[in-house]
Amino acid sequence: MMKAIRAISIAILSIALLSCIFAEFVAPNHYAKQDREASNEPPSHRYLLGTDELGRDRFARLVYGSRVSFTLAPAAAIFSVLLAEIIGGLAGYVGGVWKSAAMAVTDLVLSMPWLFLLITVRAALPLNVSPMVSVVVTFLLLGMLGWAASARMLCSAGTQIRQSGYVLQAQAAGCRGWRLFFVHVAPNLKPLLLAQFWISVPIFILAEANLGLLGLGISEPLPSWGGMLRELENYSALRSEPWRFAALILLFLVVSAFQFVLPENAANEVRS
Amino acid sequence: MPPLSTDDSRPRFVLRKVVRKLAALCLLLLFGGLLGASLVRFAPGFSVDDASLDARLSAESHEALRSQNNTEQNIFSFYAHYLGALLRGDLGTSRTLQRPVRELLAERLPVTIQSVAFGIAFGWTLGFGLAILNARFRFRALETASTLLASAFMSIPIAVIAILFVFAGTSARFAIGLLIFPKIYRYSWNMMKSSMSSPHIITARAKGLSPLSIVTWHVIPPLAPELVALFAVSISVAVGAAIPVEAISDSPGIGQLAWQAAQGRDLPVLVNLTLLVTAVTLVANSFSDLMNETFGARA
């Protein structure tokens, strides 16, 4: 049963990823092109998921929005795990005061609800910026605020590695400082880093969706899943235009698929 | 290893733990408040005030606004001034709503407490209830269905869940519970599953105890420390979820206030809310740590 779900998940992610890569072929209409004669159109041969209130092709926006999420959530995840490695991994390796200080800051960040922190900080940054700047700001912010949980795990792993036999042997052989960290400690943190990366990607996709829905995400006219979900706020149109749920269904499928294709060790982390 | 053998030493041990936790809590709170104030203070456009463009204001009013802004320019002086006032019970005045923050918090806190309490109760009933049902009946179909349900709610943004509840004409507070539910279910079910294969459970089963008795008396009690920690985590998650839920359902609580303050860069409100939210989650976490250290050590 789980094998079948995993296979379906891989298929969903592959289709979504391929559609993003070949967006120009999958969705010939431009995501920003406004057809004022055809606003709020139902699905048709020309517009597969209809048009929004500005007459823009909803299908094209969905495909290009996927490209934004698929490119930048992993980028934010990489940034976040690197920060976690520097703060947590190094704290575990160095120990002492640095470890206590790093873990105090980590505890503080973890004690603030993630959504509260994210919304507060994003709202404090400029909202009326160009679409590309908003993309960078949004995902940089996700990376900068999403490191704490990973840092705690990396710290504990770093402490274990520091006390391991091979590190003691390396120290006895004269390998010290940064060289010891980069040659013997950091490579052994890789499996944990990879697990944290896989966990972070769907979390960041969901966080962008939450931010976008609250109007703090990526600026128009660049499409994003979060921005497209704002269409759901028009309650009166939802019953008569169910195709407005397309972005939600795609987001749901992709994030669910991520949960089932996570590597076993990452899945255990998510569960715990 | 702390001395636990005599009756006299135990209260002292607990007291020492409580004092240490309180000291750490105060330090973290002070630092958290400063962090919150710094984030907003250094945000671009912080010093820009809409009122300064109001042509109806006199030169004296503009001067008063400028001097007020100047006090807030230096983050440390602002924070020191704020803490001094806090000790006198003065939380400052909201820049956007022009009302004392204390009044705003007093008005809105009960709404959020209700929402968060409801969400936590709903999430725990659903999550823990399903975990107990799984442990009691051990049906593969039930386990798969529960896991898929938990995965489904982990894959939908909380803001969308709130929208769907508003659309259905139901209280959006359920959304808070549905955000908590997957975490409670997965964590508690994993703990129960590993506990089910431990020797004392096998012995209880061999002695012919009913599955319900085994779950009630032999599986859940040893997990109490972990469940307390999970409860503390669920408070933090619920408080965070209250922001989008209250913003979308137009519920006049702390979450909506935080949302409005964030949009209006209302520093006094944001600093107070950051301190409040941090205090709530830190107290919950410290309480669970203390329970674990005290009763976990005894066990």
# chains A, B, ... in the order shown; residues from 1 in each chain; ligands from 1
call {"tool": "closest_atom_pairs", "arguments": {"of": "chain A", "to": "chain B", "cutoff": "8 Å", "atoms": "only C-alpha atoms", "output": "JSON lines"}}
result
{"residue": "A:Ala104", "atom": "CA", "partner": "B:Leu28", "partner_atom": "CA", "distance": 7.7}
{"residue": "A:Leu108", "atom": "CA", "partner": "B:Leu28", "partner_atom": "CA", "distance": 6.5}
{"residue": "A:Ser111", "atom": "CA", "partner": "B:Thr281", "partner_atom": "CA", "distance": 5.7}
{"residue": "A:Met112", "atom": "CA", "partner": "B:Thr278", "partner_atom": "CA", "distance": 5.4}
{"residue": "A:Pro113", "atom": "CA", "partner": "B:Gly240", "partner_atom": "CA", "distance": 4.8}
{"residue": "A:Trp114", "atom": "CA", "partner": "B:Gly240", "partner_atom": "CA", "distance": 6.6}
{"residue": "A:Leu115", "atom": "CA", "partner": "B:Gly240", "partner_atom": "CA", "distance": 5.2}
{"residue": "A:Phe116", "atom": "CA", "partner": "B:Gly240", "partner_atom": "CA", "distance": 5.2}
{"residue": "A:Ile119", "atom": "CA", "partner": "B:Ala262", "partner_atom": "CA", "distance": 7.4}
{"residue": "A:Thr120", "atom": "CA", "partner": "B:Ala262", "partner_atom": "CA", "distance": 5.3}
{"residue": "A:Val121", "atom": "CA", "partner": "B:Leu39", "partner_atom": "CA", "distance": 6.8}
{"residue": "A:Ala123", "atom": "CA", "partner": "B:Ala262", "partner_atom": "CA", "distance": 5.3}
{"residue": "A:Ala124", "atom": "CA", "partner": "B:Ala43", "partner_atom": "CA", "distance": 5.3}
{"residue": "A:Leu125", "atom": "CA", "partner": "B:Ala43", "partner_atom": "CA", "distance": 5.6}
{"residue": "A:Pro126", "atom": "CA", "partner": "B:Pro44", "partner_atom": "CA", "distance": 6.4}
{"residue": "A:Leu206", "atom": "CA", "partner": "B:Pro157", "partner_atom": "CA", "distance": 5.6}
{"residue": "A:Ala207", "atom": "CA", "partner": "B:Pro157", "partner_atom": "CA", "distance": 7.4}
{"residue": "A:Ala209", "atom": "CA", "partner": "B:Pro157", "partner_atom": "CA", "distance": 6.6}
{"residue": "A:Asn210", "atom": "CA", "partner": "B:Pro157", "partner_atom": "CA", "distance": 5.8}
{"residue": "A:Leu213", "atom": "CA", "partner": "B:Ala159", "partner_atom": "CA", "distance": 7.0}
{"residue": "A:Leu214", "atom": "CA", "partner": "B:Pro244", "partner_atom": "CA", "distance": 7.4}
{"residue": "A:Leu229", "atom": "CA", "partner": "B:Val160", "partner_atom": "CA", "distance": 7.7}
{"residue": "A:Leu232", "atom": "CA", "partner": "B:Ile163", "partner_atom": "CA", "distance": 7.3}
{"residue": "A:Glu233", "atom": "CA", "partner": "B:Ile163", "partner_atom": "CA", "distance": 6.7}
{"residue": "A:Tyr235", "atom": "CA", "partner": "B:Phe167", "partner_atom": "CA", "distance": 5.9}
{"residue": "A:Leu248", "atom": "CA", "partner": "B:Ile156", "partner_atom": "CA", "distance": 7.8}
{"residue": "A:Leu251", "atom": "CA", "partner": "B:Ile156", "partner_atom": "CA", "distance": 7.6}
{"residue": "A:Phe252", "atom": "CA", "partner": "B:Ser155", "partner_atom": "CA", "distance": 5.3}
{"residue": "A:Leu253", "atom": "CA", "partner": "B:Ser155", "partner_atom": "CA", "distance": 7.8}
{"residue": "A:Val255", "atom": "CA", "partner": "B:Ser155", "partner_atom": "CA", "distance": 5.2}
{"residue": "A:Ser256", "atom": "CA", "partner": "B:Ser155", "partner_atom": "CA", "distance": 5.5}
{"residue": "A:Gln259", "atom": "CA", "partner": "B:Ser151", "partner_atom": "CA", "distance": 7.4}
{"residue": "A:Arg271", "atom": "CA", "partner": "B:Arg186", "partner_atom": "CA", "distance": 5.8}
{"residue": "A:Ser272", "atom": "CA", "partner": "B:Tyr187", "partner_atom": "CA", "distance": 5.6}
call {"tool": "residues_around", "arguments": {"residues": "A:Asn188", "least_positions_apart": "3", "cutoff": "9 Å", "atoms": "only C-alpha atoms", "output": "ChimeraX atom specification"}}
result
/A:157-158,161,184-185,191-192
call {"tool": "residues_around", "arguments": {"residues": "stretch 99-107 of chain B", "least_positions_apart": "6", "cutoff": "9 Å", "atoms": "only C-alpha atoms", "output": "PyMOL selection string"}}
result
chain B and resi 89-93+252-254+257+268-269+272-273
call {"tool": "atom_distance", "arguments": {"atom1": "atom CA of A:Leu17", "atom2": "atom CA of A:Asp52"}}
result
23.8 Å
call {"tool": "select_by_dssp", "arguments": {"residues": "stretch 76-184 of chain A", "states": "alpha helix (DSSP H)", "output": "PyMOL selection string"}}
result
chain A and resi 76-84+90-94+96-111+114-124+131-145+148-162+165-172+177-180
call {"tool": "write_last_selection", "arguments": {"atoms": "C-alpha atoms", "output": "PDB file, in the first residue's frame"}}
result
ATOM      1  CA  ALA A  76      15.568  28.641   0.927  1.00  0.00           C
ATOM      2  CA  ALA A  77      15.990  25.137   2.373  1.00  0.00           C
ATOM      3  CA  ILE A  78      19.658  25.052   1.331  1.00  0.00           C
ATOM      4  CA  PHE A  79      20.217  28.474   2.907  1.00  0.00           C
ATOM      5  CA  SER A  80      18.453  27.396   6.079  1.00  0.00           C
ATOM      6  CA  VAL A  81      20.374  24.127   6.548  1.00  0.00           C
ATOM      7  CA  LEU A  82      23.667  25.896   5.860  1.00  0.00           C
ATOM      8  CA  LEU A  83      22.826  28.427   8.570  1.00  0.00           C
ATOM      9  CA  ALA A  84      21.858  25.542  10.841  1.00  0.00           C
ATOM     10  CA  LEU A  90      29.763  24.468  14.930  1.00  0.00           C
ATOM     11  CA  ALA A  91      28.245  24.975  18.401  1.00  0.00           C
ATOM     12  CA  GLY A  92      28.187  21.219  18.961  1.00  0.00           C
ATOM     13  CA  TYR A  93      31.761  20.892  17.722  1.00  0.00           C
ATOM     14  CA  VAL A  94      33.243  23.844  19.629  1.00  0.00           C
ATOM     15  CA  GLY A  96      31.538  25.587  25.874  1.00  0.00           C
ATOM     16  CA  VAL A  97      30.268  29.162  25.898  1.00  0.00           C
ATOM     17  CA  TRP A  98      29.643  29.253  22.139  1.00  0.00           C
ATOM     18  CA  LYS A  99      27.392  26.211  22.419  1.00  0.00           C
ATOM     19  CA  SER A 100      25.467  27.683  25.374  1.00  0.00           C
ATOM     20  CA  ALA A 101      25.011  31.028  23.568  1.00  0.00           C
ATOM     21  CA  ALA A 102      24.018  29.394  20.278  1.00  0.00           C
ATOM     22  CA  MET A 103      21.515  27.108  21.980  1.00  0.00           C
ATOM     23  CA  ALA A 104      20.033  30.020  23.982  1.00  0.00           C
ATOM     24  CA  VAL A 105      19.403  31.915  20.720  1.00  0.00           C
ATOM     25  CA  THR A 106      18.040  28.714  19.147  1.00  0.00           C
ATOM     26  CA  ASP A 107      15.688  28.199  22.106  1.00  0.00           C
ATOM     27  CA  LEU A 108      14.524  31.772  21.806  1.00  0.00           C
ATOM     28  CA  VAL A 109      13.793  31.464  18.084  1.00  0.00           C
ATOM     29  CA  LEU A 110      12.054  28.128  18.667  1.00  0.00           C
ATOM     30  CA  SER A 111       9.971  29.582  21.482  1.00  0.00           C
ATOM     31  CA  TRP A 114       7.057  30.188  13.460  1.00  0.00           C
ATOM     32  CA  LEU A 115       4.057  31.822  11.787  1.00  0.00           C
ATOM     33  CA  PHE A 116       4.035  34.741  14.218  1.00  0.00           C
ATOM     34  CA  LEU A 117       7.713  35.408  13.608  1.00  0.00           C
ATOM     35  CA  LEU A 118       7.400  35.004   9.859  1.00  0.00           C
ATOM     36  CA  ILE A 119       4.401  37.296   9.481  1.00  0.00           C
ATOM     37  CA  THR A 120       5.813  39.943  11.812  1.00  0.00           C
ATOM     38  CA  VAL A 121       9.191  40.092  10.112  1.00  0.00           C
ATOM     39  CA  ARG A 122       7.769  39.922   6.578  1.00  0.00           C
ATOM     40  CA  ALA A 123       5.319  42.715   7.335  1.00  0.00           C
ATOM     41  CA  ALA A 124       8.173  44.825   8.686  1.00  0.00           C
ATOM     42  CA  PRO A 131       8.162  40.988  -8.029  1.00  0.00           C
ATOM     43  CA  MET A 132      11.726  39.640  -8.236  1.00  0.00           C
ATOM     44  CA  VAL A 133      12.768  41.466  -5.054  1.00  0.00           C
ATOM     45  CA  SER A 134       9.673  40.120  -3.276  1.00  0.00           C
ATOM     46  CA  VAL A 135      10.647  36.582  -4.337  1.00  0.00           C
ATOM     47  CA  VAL A 136      14.153  36.992  -2.946  1.00  0.00           C
ATOM     48  CA  VAL A 137      12.914  38.681   0.259  1.00  0.00           C
ATOM     49  CA  THR A 138      10.272  36.014   0.899  1.00  0.00           C
ATOM     50  CA  PHE A 139      12.514  33.018   0.490  1.00  0.00           C
ATOM     51  CA  LEU A 140      15.539  34.629   2.148  1.00  0.00           C
ATOM     52  CA  LEU A 141      13.294  35.274   5.108  1.00  0.00           C
ATOM     53  CA  LEU A 142      12.109  31.664   5.143  1.00  0.00           C
ATOM     54  CA  GLY A 143      15.729  30.510   5.112  1.00  0.00           C
ATOM     55  CA  MET A 144      16.761  32.941   7.830  1.00  0.00           C
ATOM     56  CA  LEU A 145      13.930  32.015  10.180  1.00  0.00           C
ATOM     57  CA  ALA A 148      16.490  26.772  14.513  1.00  0.00           C
ATOM     58  CA  ALA A 149      15.015  23.257  14.673  1.00  0.00           C
ATOM     59  CA  SER A 150      17.722  21.918  12.358  1.00  0.00           C
ATOM     60  CA  ALA A 151      20.440  23.717  14.354  1.00  0.00           C
ATOM     61  CA  ARG A 152      19.391  21.971  17.548  1.00  0.00           C
ATOM     62  CA  MET A 153      19.710  18.544  15.908  1.00  0.00           C
ATOM     63  CA  LEU A 154      23.004  19.427  14.249  1.00  0.00           C
ATOM     64  CA  CYS A 155      24.350  20.678  17.572  1.00  0.00           C
ATOM     65  CA  SER A 156      23.631  17.388  19.244  1.00  0.00           C
ATOM     66  CA  ALA A 157      25.129  15.498  16.278  1.00  0.00           C
ATOM     67  CA  GLY A 158      28.188  17.800  16.337  1.00  0.00           C
ATOM     68  CA  THR A 159      28.706  17.059  20.045  1.00  0.00           C
ATOM     69  CA  GLN A 160      28.560  13.316  19.385  1.00  0.00           C
ATOM     70  CA  ILE A 161      31.020  13.563  16.500  1.00  0.00           C
ATOM     71  CA  ARG A 162      33.422  15.660  18.596  1.00  0.00           C
ATOM     72  CA  GLY A 165      37.032   7.991  18.222  1.00  0.00           C
ATOM     73  CA  TYR A 166      38.004   9.107  14.737  1.00  0.00           C
ATOM     74  CA  VAL A 167      37.951  12.785  15.705  1.00  0.00           C
ATOM     75  CA  LEU A 168      40.160  12.042  18.729  1.00  0.00           C
ATOM     76  CA  GLN A 169      42.535  10.147  16.430  1.00  0.00           C
ATOM     77  CA  ALA A 170      42.570  13.033  13.959  1.00  0.00           C
ATOM     78  CA  GLN A 171      43.333  15.436  16.823  1.00  0.00           C
ATOM     79  CA  ALA A 172      46.118  13.170  18.021  1.00  0.00           C
ATOM     80  CA  GLY A 177      40.655  23.905  14.186  1.00  0.00           C
ATOM     81  CA  TRP A 178      38.802  24.621  10.946  1.00  0.00           C
ATOM     82  CA  ARG A 179      40.561  21.789   9.091  1.00  0.00           C
ATOM     83  CA  LEU A 180      39.264  19.264  11.633  1.00  0.00           C
TER      84      LEU A 180
END
call {"tool": "atom_distance", "arguments": {"atom1": "atom CA of A:Gly146", "atom2": "atom CA of A:Phe260"}}
result
21.5 Å
call {"tool": "closest_residue", "arguments": {"among": "A:Leu48, A:Ala23, A:Met2, A:Leu262", "to": "A:Val201", "atoms": "only C-alpha atoms"}}
result
A:Leu262
call {"tool": "decode", "arguments": {"residues": "stretch 69-190 of chain A", "atoms": "C-alpha atoms", "output": "PDB file, in the first residue's frame"}}
result
ATOM      1  CA  SER A  69       7.843  27.446  -5.560  1.00  0.00           C
ATOM      2  CA  PHE A  70       9.924  24.597  -6.965  1.00  0.00           C
ATOM      3  CA  THR A  71      12.935  26.814  -7.503  1.00  0.00           C
ATOM      4  CA  LEU A  72      12.894  28.901  -4.397  1.00  0.00           C
ATOM      5  CA  ALA A  73      11.690  26.557  -1.660  1.00  0.00           C
ATOM      6  CA  PRO A  74      14.738  24.298  -2.203  1.00  0.00           C
ATOM      7  CA  ALA A  75      16.957  27.400  -2.403  1.00  0.00           C
ATOM      8  CA  ALA A  76      15.568  28.641   0.927  1.00  0.00           C
ATOM      9  CA  ALA A  77      15.990  25.137   2.373  1.00  0.00           C
ATOM     10  CA  ILE A  78      19.658  25.052   1.331  1.00  0.00           C
ATOM     11  CA  PHE A  79      20.217  28.474   2.907  1.00  0.00           C
ATOM     12  CA  SER A  80      18.453  27.396   6.079  1.00  0.00           C
ATOM     13  CA  VAL A  81      20.374  24.127   6.548  1.00  0.00           C
ATOM     14  CA  LEU A  82      23.667  25.896   5.860  1.00  0.00           C
ATOM     15  CA  LEU A  83      22.826  28.427   8.570  1.00  0.00           C
ATOM     16  CA  ALA A  84      21.858  25.542  10.841  1.00  0.00           C
ATOM     17  CA  GLU A  85      25.177  23.830  10.158  1.00  0.00           C
ATOM     18  CA  ILE A  86      27.165  26.968  10.884  1.00  0.00           C
ATOM     19  CA  ILE A  87      25.251  27.780  14.075  1.00  0.00           C
ATOM     20  CA  GLY A  88      24.286  24.328  15.374  1.00  0.00           C
ATOM     21  CA  GLY A  89      26.996  22.077  13.949  1.00  0.00           C
ATOM     22  CA  LEU A  90      29.763  24.468  14.930  1.00  0.00           C
ATOM     23  CA  ALA A  91      28.245  24.975  18.401  1.00  0.00           C
ATOM     24  CA  GLY A  92      28.187  21.219  18.961  1.00  0.00           C
ATOM     25  CA  TYR A  93      31.761  20.892  17.722  1.00  0.00           C
ATOM     26  CA  VAL A  94      33.243  23.844  19.629  1.00  0.00           C
ATOM     27  CA  GLY A  95      31.139  23.385  22.791  1.00  0.00           C
ATOM     28  CA  GLY A  96      31.538  25.587  25.874  1.00  0.00           C
ATOM     29  CA  VAL A  97      30.268  29.162  25.898  1.00  0.00           C
ATOM     30  CA  TRP A  98      29.643  29.253  22.139  1.00  0.00           C
ATOM     31  CA  LYS A  99      27.392  26.211  22.419  1.00  0.00           C
ATOM     32  CA  SER A 100      25.467  27.683  25.374  1.00  0.00           C
ATOM     33  CA  ALA A 101      25.011  31.028  23.568  1.00  0.00           C
ATOM     34  CA  ALA A 102      24.018  29.394  20.278  1.00  0.00           C
ATOM     35  CA  MET A 103      21.515  27.108  21.980  1.00  0.00           C
ATOM     36  CA  ALA A 104      20.033  30.020  23.982  1.00  0.00           C
ATOM     37  CA  VAL A 105      19.403  31.915  20.720  1.00  0.00           C
ATOM     38  CA  THR A 106      18.040  28.714  19.147  1.00  0.00           C
ATOM     39  CA  ASP A 107      15.688  28.199  22.106  1.00  0.00           C
ATOM     40  CA  LEU A 108      14.524  31.772  21.806  1.00  0.00           C
ATOM     41  CA  VAL A 109      13.793  31.464  18.084  1.00  0.00           C
ATOM     42  CA  LEU A 110      12.054  28.128  18.667  1.00  0.00           C
ATOM     43  CA  SER A 111       9.971  29.582  21.482  1.00  0.00           C
ATOM     44  CA  MET A 112       8.427  32.133  19.123  1.00  0.00           C
ATOM     45  CA  PRO A 113       5.691  30.563  17.005  1.00  0.00           C
ATOM     46  CA  TRP A 114       7.057  30.188  13.460  1.00  0.00           C
ATOM     47  CA  LEU A 115       4.057  31.822  11.787  1.00  0.00           C
ATOM     48  CA  PHE A 116       4.035  34.741  14.218  1.00  0.00           C
ATOM     49  CA  LEU A 117       7.713  35.408  13.608  1.00  0.00           C
ATOM     50  CA  LEU A 118       7.400  35.004   9.859  1.00  0.00           C
ATOM     51  CA  ILE A 119       4.401  37.296   9.481  1.00  0.00           C
ATOM     52  CA  THR A 120       5.813  39.943  11.812  1.00  0.00           C
ATOM     53  CA  VAL A 121       9.191  40.092  10.112  1.00  0.00           C
ATOM     54  CA  ARG A 122       7.769  39.922   6.578  1.00  0.00           C
ATOM     55  CA  ALA A 123       5.319  42.715   7.335  1.00  0.00           C
ATOM     56  CA  ALA A 124       8.173  44.825   8.686  1.00  0.00           C
ATOM     57  CA  LEU A 125       9.951  44.600   5.327  1.00  0.00           C
ATOM     58  CA  PRO A 126       8.831  46.655   2.330  1.00  0.00           C
ATOM     59  CA  LEU A 127       5.710  45.281   0.674  1.00  0.00           C
ATOM     60  CA  ASN A 128       5.596  47.483  -2.440  1.00  0.00           C
ATOM     61  CA  VAL A 129       8.707  46.099  -4.120  1.00  0.00           C
ATOM     62  CA  SER A 130       9.288  44.621  -7.550  1.00  0.00           C
ATOM     63  CA  PRO A 131       8.162  40.988  -8.029  1.00  0.00           C
ATOM     64  CA  MET A 132      11.726  39.640  -8.236  1.00  0.00           C
ATOM     65  CA  VAL A 133      12.768  41.466  -5.054  1.00  0.00           C
ATOM     66  CA  SER A 134       9.673  40.120  -3.276  1.00  0.00           C
ATOM     67  CA  VAL A 135      10.647  36.582  -4.337  1.00  0.00           C
ATOM     68  CA  VAL A 136      14.153  36.992  -2.946  1.00  0.00           C
ATOM     69  CA  VAL A 137      12.914  38.681   0.259  1.00  0.00           C
ATOM     70  CA  THR A 138      10.272  36.014   0.899  1.00  0.00           C
ATOM     71  CA  PHE A 139      12.514  33.018   0.490  1.00  0.00           C
ATOM     72  CA  LEU A 140      15.539  34.629   2.148  1.00  0.00           C
ATOM     73  CA  LEU A 141      13.294  35.274   5.108  1.00  0.00           C
ATOM     74  CA  LEU A 142      12.109  31.664   5.143  1.00  0.00           C
ATOM     75  CA  GLY A 143      15.729  30.510   5.112  1.00  0.00           C
ATOM     76  CA  MET A 144      16.761  32.941   7.830  1.00  0.00           C
ATOM     77  CA  LEU A 145      13.930  32.015  10.180  1.00  0.00           C
ATOM     78  CA  GLY A 146      13.747  28.287   9.510  1.00  0.00           C
ATOM     79  CA  TRP A 147      17.155  27.180  10.795  1.00  0.00           C
ATOM     80  CA  ALA A 148      16.490  26.772  14.513  1.00  0.00           C
ATOM     81  CA  ALA A 149      15.015  23.257  14.673  1.00  0.00           C
ATOM     82  CA  SER A 150      17.722  21.918  12.358  1.00  0.00           C
ATOM     83  CA  ALA A 151      20.440  23.717  14.354  1.00  0.00           C
ATOM     84  CA  ARG A 152      19.391  21.971  17.548  1.00  0.00           C
ATOM     85  CA  MET A 153      19.710  18.544  15.908  1.00  0.00           C
ATOM     86  CA  LEU A 154      23.004  19.427  14.249  1.00  0.00           C
ATOM     87  CA  CYS A 155      24.350  20.678  17.572  1.00  0.00           C
ATOM     88  CA  SER A 156      23.631  17.388  19.244  1.00  0.00           C
ATOM     89  CA  ALA A 157      25.129  15.498  16.278  1.00  0.00           C
ATOM     90  CA  GLY A 158      28.188  17.800  16.337  1.00  0.00           C
ATOM     91  CA  THR A 159      28.706  17.059  20.045  1.00  0.00           C
ATOM     92  CA  GLN A 160      28.560  13.316  19.385  1.00  0.00           C
ATOM     93  CA  ILE A 161      31.020  13.563  16.500  1.00  0.00           C
ATOM     94  CA  ARG A 162      33.422  15.660  18.596  1.00  0.00           C
ATOM     95  CA  GLN A 163      33.546  12.859  21.162  1.00  0.00           C
ATOM     96  CA  SER A 164      33.918  10.116  18.578  1.00  0.00           C
ATOM     97  CA  GLY A 165      37.032   7.991  18.222  1.00  0.00           C
ATOM     98  CA  TYR A 166      38.004   9.107  14.737  1.00  0.00           C
ATOM     99  CA  VAL A 167      37.951  12.785  15.705  1.00  0.00           C
ATOM    100  CA  LEU A 168      40.160  12.042  18.729  1.00  0.00           C
ATOM    101  CA  GLN A 169      42.535  10.147  16.430  1.00  0.00           C
ATOM    102  CA  ALA A 170      42.570  13.033  13.959  1.00  0.00           C
ATOM    103  CA  GLN A 171      43.333  15.436  16.823  1.00  0.00           C
ATOM    104  CA  ALA A 172      46.118  13.170  18.021  1.00  0.00           C
ATOM    105  CA  ALA A 173      47.533  13.211  14.489  1.00  0.00           C
ATOM    106  CA  GLY A 174      47.696  17.018  14.649  1.00  0.00           C
ATOM    107  CA  CYS A 175      44.549  17.924  12.741  1.00  0.00           C
ATOM    108  CA  ARG A 176      42.882  20.842  14.544  1.00  0.00           C
ATOM    109  CA  GLY A 177      40.655  23.905  14.186  1.00  0.00           C
ATOM    110  CA  TRP A 178      38.802  24.621  10.946  1.00  0.00           C
ATOM    111  CA  ARG A 179      40.561  21.789   9.091  1.00  0.00           C
ATOM    112  CA  LEU A 180      39.264  19.264  11.633  1.00  0.00           C
ATOM    113  CA  PHE A 181      35.772  20.721  11.328  1.00  0.00           C
ATOM    114  CA  PHE A 182      35.643  20.789   7.532  1.00  0.00           C
ATOM    115  CA  VAL A 183      37.472  17.485   6.909  1.00  0.00           C
ATOM    116  CA  HIS A 184      36.128  15.261   9.700  1.00  0.00           C
ATOM    117  CA  VAL A 185      33.059  16.836  11.292  1.00  0.00           C
ATOM    118  CA  ALA A 186      31.096  18.581   8.527  1.00  0.00           C
ATOM    119  CA  PRO A 187      31.079  15.619   6.075  1.00  0.00           C
ATOM    120  CA  ASN A 188      29.585  13.412   8.801  1.00  0.00           C
ATOM    121  CA  LEU A 189      26.759  15.884   9.311  1.00  0.00           C
ATOM    122  CA  LYS A 190      25.754  15.454   5.653  1.00  0.00           C
TER     123      LYS A 190
END
